[in-house]
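model36.tsv follows; it contains TSV, C-alpha atoms.
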```
chain	number	residue	atom	x	y	z
C	63	MET	CA	8.21	4.20	10.08
C	64	PRO	CA	5.84	4.16	7.09
C	65	SER	CA	7.11	4.41	3.56
C	66	TYR	CA	5.21	7.56	2.68
C	67	LYS	CA	4.01	10.78	4.23
C	68	LEU	CA	0.37	10.11	3.51
C	69	ARG	CA	-2.01	12.98	2.76
C	70	ARG	CA	-5.46	11.48	2.94
C	71	PHE	CA	-6.92	10.99	6.39
C	72	PHE	CA	-10.35	10.41	7.88
C	73	SER	CA	-11.67	13.95	8.17
C	74	GLN	CA	-15.34	13.15	8.83
C	75	PRO	CA	-16.57	11.58	12.08
C	76	GLY	CA	-19.27	9.79	10.08
C	77	ILE	CA	-16.64	7.69	8.31
C	78	LEU	CA	-15.14	6.65	11.62
C	79	ARG	CA	-18.57	5.74	12.97
C	80	GLY	CA	-18.85	3.19	10.17
C	81	ILE	CA	-16.36	1.05	12.08
C	82	ASP	CA	-17.58	-0.99	15.03
C	83	PRO	CA	-16.26	0.65	18.25
C	84	GLU	CA	-14.57	-2.55	19.37
C	85	ASN	CA	-12.73	-2.86	16.05
C	86	LEU	CA	-11.72	0.79	16.20
C	87	LEU	CA	-10.38	0.41	19.75
C	88	SER	CA	-8.37	-2.65	18.67
C	89	LEU	CA	-6.81	-0.57	15.91
C	90	LEU	CA	-6.00	2.29	18.28
C	91	ALA	CA	-4.76	0.19	21.20
C	92	ASP	CA	-1.06	0.25	20.27
C	93	HIS	CA	-1.18	4.06	20.05
C	94	ALA	CA	-3.04	4.73	23.30
C	95	ALA	CA	-0.20	6.75	24.83
C	96	ALA	CA	0.11	9.10	21.86
C	97	LEU	CA	-3.65	9.59	21.72
C	98	GLU	CA	-3.90	10.28	25.44
C	99	ALA	CA	-1.10	12.86	25.13
C	100	ASN	CA	-3.40	14.68	22.71
C	101	GLY	CA	-6.39	14.51	25.05
C	102	LEU	CA	-8.03	11.37	23.70
C	103	ALA	CA	-8.20	8.63	26.34
C	104	LEU	CA	-9.40	5.28	25.01
C	105	PRO	CA	-12.44	3.91	26.86
C	106	GLU	CA	-12.81	0.34	28.02
C	107	VAL	CA	-14.36	-2.01	25.47
C	108	GLY	CA	-17.65	-2.09	27.39
C	109	GLU	CA	-17.82	1.69	27.25
C	110	ALA	CA	-16.80	2.02	23.60
C	111	LEU	CA	-20.09	3.65	22.58
C	112	GLY	CA	-18.92	6.78	24.39
C	113	PHE	CA	-15.84	7.11	22.17
C	114	ASP	CA	-15.01	10.69	21.12
C	115	TYR	CA	-15.11	10.37	17.32
C	116	ASP	CA	-15.11	14.14	16.84
C	117	LEU	CA	-11.80	14.57	18.66
C	118	LEU	CA	-10.16	11.74	16.71
C	119	ALA	CA	-11.32	13.32	13.44
C	120	ARG	CA	-9.87	16.69	14.51
C	121	LEU	CA	-6.54	15.09	15.40
C	122	MET	CA	-6.41	13.52	11.97
C	123	MET	CA	-6.71	16.94	10.40
C	124	GLU	CA	-3.39	17.74	12.08
C	125	PRO	CA	-1.35	14.67	11.15
C	126	GLY	CA	1.78	15.83	12.97
C	127	LYS	CA	0.02	15.06	16.26
C	128	LEU	CA	-0.54	11.35	15.59
C	129	PRO	CA	1.91	8.47	15.02
C	130	ALA	CA	2.76	7.99	11.35
C	131	ALA	CA	2.03	4.26	11.65
C	132	LEU	CA	-1.54	4.99	12.75
C	133	LEU	CA	-2.10	7.42	9.88
C	134	GLU	CA	-0.78	4.87	7.43
C	135	ALA	CA	-3.19	2.26	8.81
C	136	PHE	CA	-6.13	4.63	8.39
C	137	TYR	CA	-5.06	5.47	4.84
C	138	PHE	CA	-5.18	1.85	3.69
C	139	ILE	CA	-8.34	1.09	5.68
C	140	HIS	CA	-10.07	4.13	4.21
C	141	GLN	CA	-9.08	3.06	0.70
C	142	MET	CA	-10.53	-0.45	1.19
C	143	ALA	CA	-13.64	0.47	3.22
C	144	THR	CA	-15.95	0.34	0.17
C	145	PRO	CA	-18.40	-2.32	-1.01
C	146	GLU	CA	-15.98	-3.30	-3.77
C	147	GLY	CA	-13.03	-3.33	-1.40
C	148	MET	CA	-14.98	-5.41	1.10
C	149	GLU	CA	-15.77	-8.03	-1.56
C	150	CYS	CA	-12.10	-8.31	-2.55
C	151	LEU	CA	-10.94	-8.50	1.07
C	152	LEU	CA	-13.49	-11.18	2.00
C	153	ALA	CA	-12.35	-13.34	-0.92
C	154	ALA	CA	-8.69	-12.83	0.00
C	155	ALA	CA	-9.38	-13.56	3.69
C	156	GLU	CA	-11.03	-16.84	2.75
C	157	ARG	CA	-8.05	-17.87	0.58
C	158	ALA	CA	-5.44	-16.88	3.18
C	159	THR	CA	-3.42	-19.51	5.05
C	160	PRO	CA	-4.81	-19.85	7.61
C	161	PRO	CA	-8.14	-18.27	6.56
C	162	ILE	CA	-9.01	-15.02	8.29
C	163	LYS	CA	-12.30	-15.12	10.15
C	164	ILE	CA	-14.30	-11.90	9.75
C	165	VAL	CA	-16.91	-11.24	12.44
C	166	GLY	CA	-19.58	-8.62	13.07
C	167	ASN	CA	-22.74	-8.08	15.07
C	168	PRO	CA	-25.12	-8.34	13.33
C	169	ALA	CA	-22.78	-8.08	10.30
C	170	PRO	CA	-19.49	-6.32	9.54
C	171	THR	CA	-19.41	-3.08	7.56
C	172	PRO	CA	-16.77	-2.50	4.85
C	173	GLY	CA	-14.78	-0.56	7.46
C	174	ASP	CA	-14.99	-3.46	9.92
C	175	VAL	CA	-13.70	-5.89	7.28
C	176	ALA	CA	-10.80	-3.59	6.39
C	177	VAL	CA	-9.79	-3.12	10.04
C	178	GLN	CA	-9.94	-6.84	10.83
C	179	VAL	CA	-7.85	-7.81	7.81
C	180	TRP	CA	-5.33	-5.06	8.56
C	181	LEU	CA	-4.92	-6.23	12.16
C	182	LYS	CA	-4.61	-9.91	11.25
C	183	ASN	CA	-2.62	-9.70	8.00
C	184	ARG	CA	-1.47	-6.24	6.98
C	185	GLU	CA	0.50	-7.58	3.99
C	186	LEU	CA	-2.66	-9.17	2.61
C	187	LEU	CA	-4.62	-5.92	2.74
C	188	GLU	CA	-1.79	-3.99	1.09
C	189	SER	CA	-1.58	-6.62	-1.64
C	190	VAL	CA	-5.32	-6.47	-2.35
C	191	HIS	CA	-5.19	-2.66	-2.31
C	192	ALA	CA	-2.30	-2.63	-4.79
C	193	LYS	CA	-3.94	-5.15	-7.11
C	194	GLN	CA	-6.85	-2.77	-7.71
C	195	PHE	CA	-4.43	-0.60	-9.69
C	196	LEU	CA	-3.79	-3.32	-12.26
C	197	GLY	CA	-7.17	-2.95	-13.97
C	198	SER	CA	-6.40	0.62	-15.06
C	199	VAL	CA	-3.08	-0.16	-16.79
C	200	ARG	CA	-3.22	0.04	-20.59
C	201	SER	CA	0.18	0.98	-22.08
C	202	PHE	CA	3.29	-1.24	-21.93
C	203	HIS	CA	6.80	-1.30	-23.38
C	204	SER	CA	7.96	-4.78	-24.31
C	205	PHE	CA	11.36	-6.49	-24.07
C	206	GLY	CA	12.05	-9.97	-25.47
C	207	THR	CA	14.29	-12.70	-24.11
C	208	VAL	CA	17.43	-13.78	-25.96
C	209	VAL	CA	17.30	-17.22	-24.32
C	210	ALA	CA	15.69	-20.13	-26.15
C	211	PRO	CA	13.84	-22.07	-25.03
C	212	VAL	CA	12.34	-19.86	-22.35
C	213	PRO	CA	13.59	-21.02	-18.91
C	214	LYS	CA	11.00	-22.51	-16.60
C	215	PRO	CA	9.95	-19.75	-14.12
C	216	ARG	CA	10.88	-20.15	-10.47
C	217	ASP	CA	8.99	-19.00	-7.39
C	218	PRO	CA	8.51	-15.22	-7.94
C	219	MET	CA	9.22	-14.54	-4.26
C	220	ALA	CA	12.81	-15.58	-4.95
C	221	TYR	CA	13.16	-12.45	-7.09
C	222	VAL	CA	11.48	-9.95	-4.80
C	223	ASP	CA	14.22	-9.19	-2.28
C	224	LYS	CA	16.90	-8.59	-4.91
C	225	ILE	CA	14.62	-6.50	-7.14
C	226	LYS	CA	13.64	-4.39	-4.12
C	227	ARG	CA	17.27	-3.73	-3.16
C	228	ASP	CA	18.18	-2.71	-6.70
C	229	LEU	CA	15.12	-0.51	-7.11
C	230	ASP	CA	15.68	1.14	-3.73
C	231	ASN	CA	19.14	2.14	-4.97
C	232	PHE	CA	17.74	3.38	-8.27
C	233	PHE	CA	14.93	5.48	-6.80
C	234	ALA	CA	17.15	6.85	-4.03
C	235	LYS	CA	19.54	8.08	-6.74
C	236	LYS	CA	16.55	9.71	-8.43
C	237	LYS	CA	15.67	11.43	-5.09
C	238	ARG	CA	12.44	9.47	-4.61
C	239	GLY	CA	13.25	7.66	-1.38
C	240	ARG	CA	14.19	4.07	-0.56
C	241	HIS	CA	10.67	2.80	-0.03
C	242	THR	CA	9.99	0.35	-2.86
C	243	LYS	CA	7.46	-2.40	-2.24
C	244	ILE	CA	6.78	-5.25	-4.68
C	245	PHE	CA	3.61	-7.33	-4.99
C	246	PRO	CA	3.89	-10.48	-7.17
C	247	TYR	CA	0.78	-12.04	-8.74
C	248	VAL	CA	1.09	-15.45	-10.41
C	249	GLN	CA	-1.26	-16.30	-13.29
C	250	ASP	CA	-1.47	-19.32	-15.59
C	251	ASP	CA	0.68	-17.81	-18.35
C	252	SER	CA	2.42	-14.89	-16.66
C	253	ILE	CA	3.86	-13.41	-13.47
C	254	MET	CA	2.95	-9.81	-12.67
C	255	PHE	CA	5.03	-7.59	-10.40
C	256	LEU	CA	3.29	-4.46	-9.13
C	257	VAL	CA	5.93	-1.99	-7.93
C	258	ARG	CA	4.97	0.75	-5.48
C	259	HIS	CA	7.48	3.55	-5.02
C	260	GLY	CA	7.73	7.24	-4.27
C	261	ASP	CA	7.51	10.04	-6.80
C	262	PRO	CA	9.61	13.20	-6.36
C	263	PHE	CA	9.25	14.71	-2.88
C	264	GLU	CA	6.58	17.39	-2.51
C	265	ARG	CA	5.99	20.20	-0.05
C	266	LYS	CA	2.53	21.73	0.00
C	267	ALA	CA	0.63	24.14	2.20
C	268	GLY	CA	-2.49	23.00	4.01
C	269	ILE	CA	-4.96	24.43	6.52
C	270	ASP	CA	-5.54	22.77	9.86
C	271	ASP	CA	-8.80	22.68	11.84
C	272	LYS	CA	-7.92	26.03	13.46
C	273	GLY	CA	-7.60	27.78	10.12
C	274	GLU	CA	-3.81	27.99	10.39
C	275	SER	CA	-1.45	27.32	7.49
C	276	VAL	CA	0.63	24.18	7.93
C	277	GLY	CA	3.23	22.42	5.81
C	278	VAL	CA	2.63	18.94	4.37
C	279	TYR	CA	5.66	16.93	3.24
C	280	TYR	CA	5.54	13.59	1.46
C	281	TRP	CA	6.59	11.37	-1.41
C	282	PRO	CA	3.54	10.88	-3.68
C	283	GLU	CA	2.65	7.25	-4.30
C	284	LYS	CA	3.39	5.79	-7.76
C	285	PHE	CA	2.69	2.32	-9.19
C	286	ASP	CA	4.53	0.60	-12.04
C	287	VAL	CA	3.72	-2.81	-13.53
C	288	LEU	CA	6.01	-5.54	-14.87
C	289	VAL	CA	4.49	-8.57	-16.62
C	290	LEU	CA	6.67	-11.58	-17.44
C	291	ASP	CA	5.09	-13.81	-20.09
C	292	THR	CA	6.24	-17.26	-19.02
C	293	THR	CA	5.37	-18.78	-22.41
C	294	ASP	CA	7.05	-16.38	-24.83
C	295	GLY	CA	9.61	-14.89	-22.45
C	296	GLU	CA	8.37	-11.34	-23.07
C	297	LEU	CA	8.77	-8.71	-20.35
C	298	ARG	CA	6.15	-5.92	-20.55
C	299	ILE	CA	6.69	-2.78	-18.51
C	300	ASN	CA	4.31	0.04	-17.62
C	301	ALA	CA	6.35	2.95	-16.25
C	302	ARG	CA	6.74	6.67	-16.84
C	303	ASN	CA	9.97	7.18	-18.77
C	304	LYS	CA	12.84	5.58	-20.65
C	305	SER	CA	15.23	5.44	-17.71
C	306	GLU	CA	12.67	3.50	-15.67
C	307	TRP	CA	11.89	1.07	-18.52
C	308	GLU	CA	15.58	0.36	-18.99
C	309	GLU	CA	16.23	0.00	-15.25
C	310	TYR	CA	13.36	-2.45	-14.81
C	311	ALA	CA	14.54	-4.50	-17.80
C	312	THR	CA	18.16	-4.55	-16.54
C	313	ILE	CA	17.18	-5.47	-12.97
C	314	ALA	CA	14.74	-8.17	-14.13
C	315	LEU	CA	17.44	-9.76	-16.30
C	316	ALA	CA	20.07	-9.61	-13.55
C	317	SER	CA	17.67	-11.01	-10.96
C	318	SER	CA	16.61	-13.83	-13.25
C	319	ARG	CA	20.22	-14.83	-13.89
C	320	SER	CA	21.01	-14.69	-10.18
C	321	VAL	CA	18.06	-16.84	-9.16
C	322	ASN	CA	18.52	-19.40	-11.96
C	323	SER	CA	22.31	-19.72	-11.61
```
In structure tokens, write the structure found in this file.
Amino acid sequence: MPSYKLRRFFSQPGILRGIDPENLLSLLADHAAALEANGLALPEVGEALGFDYDLLARLMMEPGKLPAALLEAFYFIHQMATPEGMECLLAAAERATPPIKIVGNPAPTPGDVAVQVWLKNRELLESVHAKQFLGSVRSFHSFGTVVAPVPKPRDPMAYVDKIKRDLDNFFAKKKRGRHTKIFPYVQDDSIMFLVRHGDPFERKAGIDDKGESVGVYYWPEKFDVLVLDTTDGELRINARNKSEWEEYATIALASSRSVNS
């Protein structure tokens, strides 16, 4: 199951048509049974030009009819199907191990690139999507180390599992769900941890394609940023409130001691 009840879906057939039919069918293949149950039978690849984009768009306006995993895929693909997103994904695909080959005839659109990366390395696309948030962060609270000299940093992935477990417990206690995801980014003089988690649960009314009122339930998506300065030992935290700053600082210290012990 996905981490969030996502709100934004493809609501315009024109957006879907920006994806090559073969790529779209590859994305939908694992959900063929659910789609057929809603009247949308997937054509053979050779007949993909006859795909019913209008029906798929209508189904996406009523998210309860489609598998949550498919809606989550479309959310991330939609977010990255831009010229800027395409550029970031192509660079990441080239750096991946092994590199991800992106194809298109005569050339892939931004939507094609997003679909191909999602199908071949979902974690990579989510990481690139999350990293786009970092450029908008401006305000941090700082915490200094009491250890001198500053310990040599270890592989950041060694911290991720423990930090996730602790944060899941923290956010569950705050009634925000146990759906934390952490993206580490290593730089020359720092390690950045981008933390994606749920905000307080929301229930809102929406209108489906028949004009009927429907309920929408989800945890809004929230990003926090932790930056560990590996030279000075400073931990900088961008989060909403004091309890979160203190929790991040406590968990980071505990995780560091655990990994370095």
**Report entry** Selection: 9 Å around range 244-261 of chain C, only C-alpha atoms, excl. self and same-chain fewer than 4 positions, as a PyMOL selection string
**Finding:** chain C and resi 65-66+188-189+192-193+195-196+215+218-219+222-223+225-226+229-230+233+237-240+280-293
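Contact shell of Pro161 in chain C at 12 Å (all atoms listed in the file; same-chain neighbours under 6 positions omitted): C:Leu151, C:Leu152, C:Ala153, C:Ala154, C:Ala155, C:Val179, C:Lys182, C:Asn183, C:Leu186.
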Requested in this report: Identify which of the residues C:His93, C:Leu117, C:Ile162, C:Pro145 lies closest to Ala131 in chain C, counting only C-alpha atoms when measuring atom-to-atom distances.
Outcome: C:His93
Query raised in the report: Taking into account all atoms listed in the file, which residue in the set C:Pro170, C:Pro105, C:Gly147, C:Gly295 is nearest to Gly206 in chain C?
Result: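 Checking each of C:Pro170, C:Pro105, C:Gly147, C:Gly295 against Gly206 in chain C, counting all atoms listed in the file, the winner is C:Gly295.
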Query raised in the report: What does the distance from CA of Leu181 in chain C to CA of Asp82 in chain C come to in Å, to one decimal?
Result: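 CA of Leu181 in chain C sits 14.0 Å away from CA of Asp82 in chain C.
Of the residues under consideration (C:Val165, C:Phe205, C:Ala96, C:Arg227), C:Arg227 shows the shortest atom-to-atom contact distance to Thr242 in chain C when counting only C-alpha atoms.
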Query - Minimum-distance residue to Gln178 in chain C, chosen among C:Tyr279, C:Leu89, C:Arg120, C:Ile269 (using all atoms listed in the file) - result: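 Looking only at the distances to Gln178 in chain C, the closest residue turns out to be C:Leu89.
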**Report entry** For CA of Leu121 in chain C and CA of Asn100 in chain C, the interatomic separation in Å (one decimal)
**Finding:**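 Pair CA of Leu121 in chain C / CA of Asn100 in chain C returns 8.0 Å.
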Requested in this report: Quick one: pull the distance between CA of Phe136 in chain C and CA of Val177 in chain C, Å, one decimal.
Outcome: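 Atom-to-atom, CA of Phe136 in chain C to CA of Val177 in chain C, that is 8.7 Å.
Near Phe202 in chain C, within a cut-off of 7 Å and counting all atoms listed in the file, sit the residues Arg298, Ile299 and Asn300 of chain C, with same-chain residues fewer than 3 positions away left out.
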Query raised in the report: Which is closer to Val278 in chain C than all the others in C:His241, C:His140, C:Lys236, C:Lys266, using only C-alpha atoms?
Result: C:Lys266
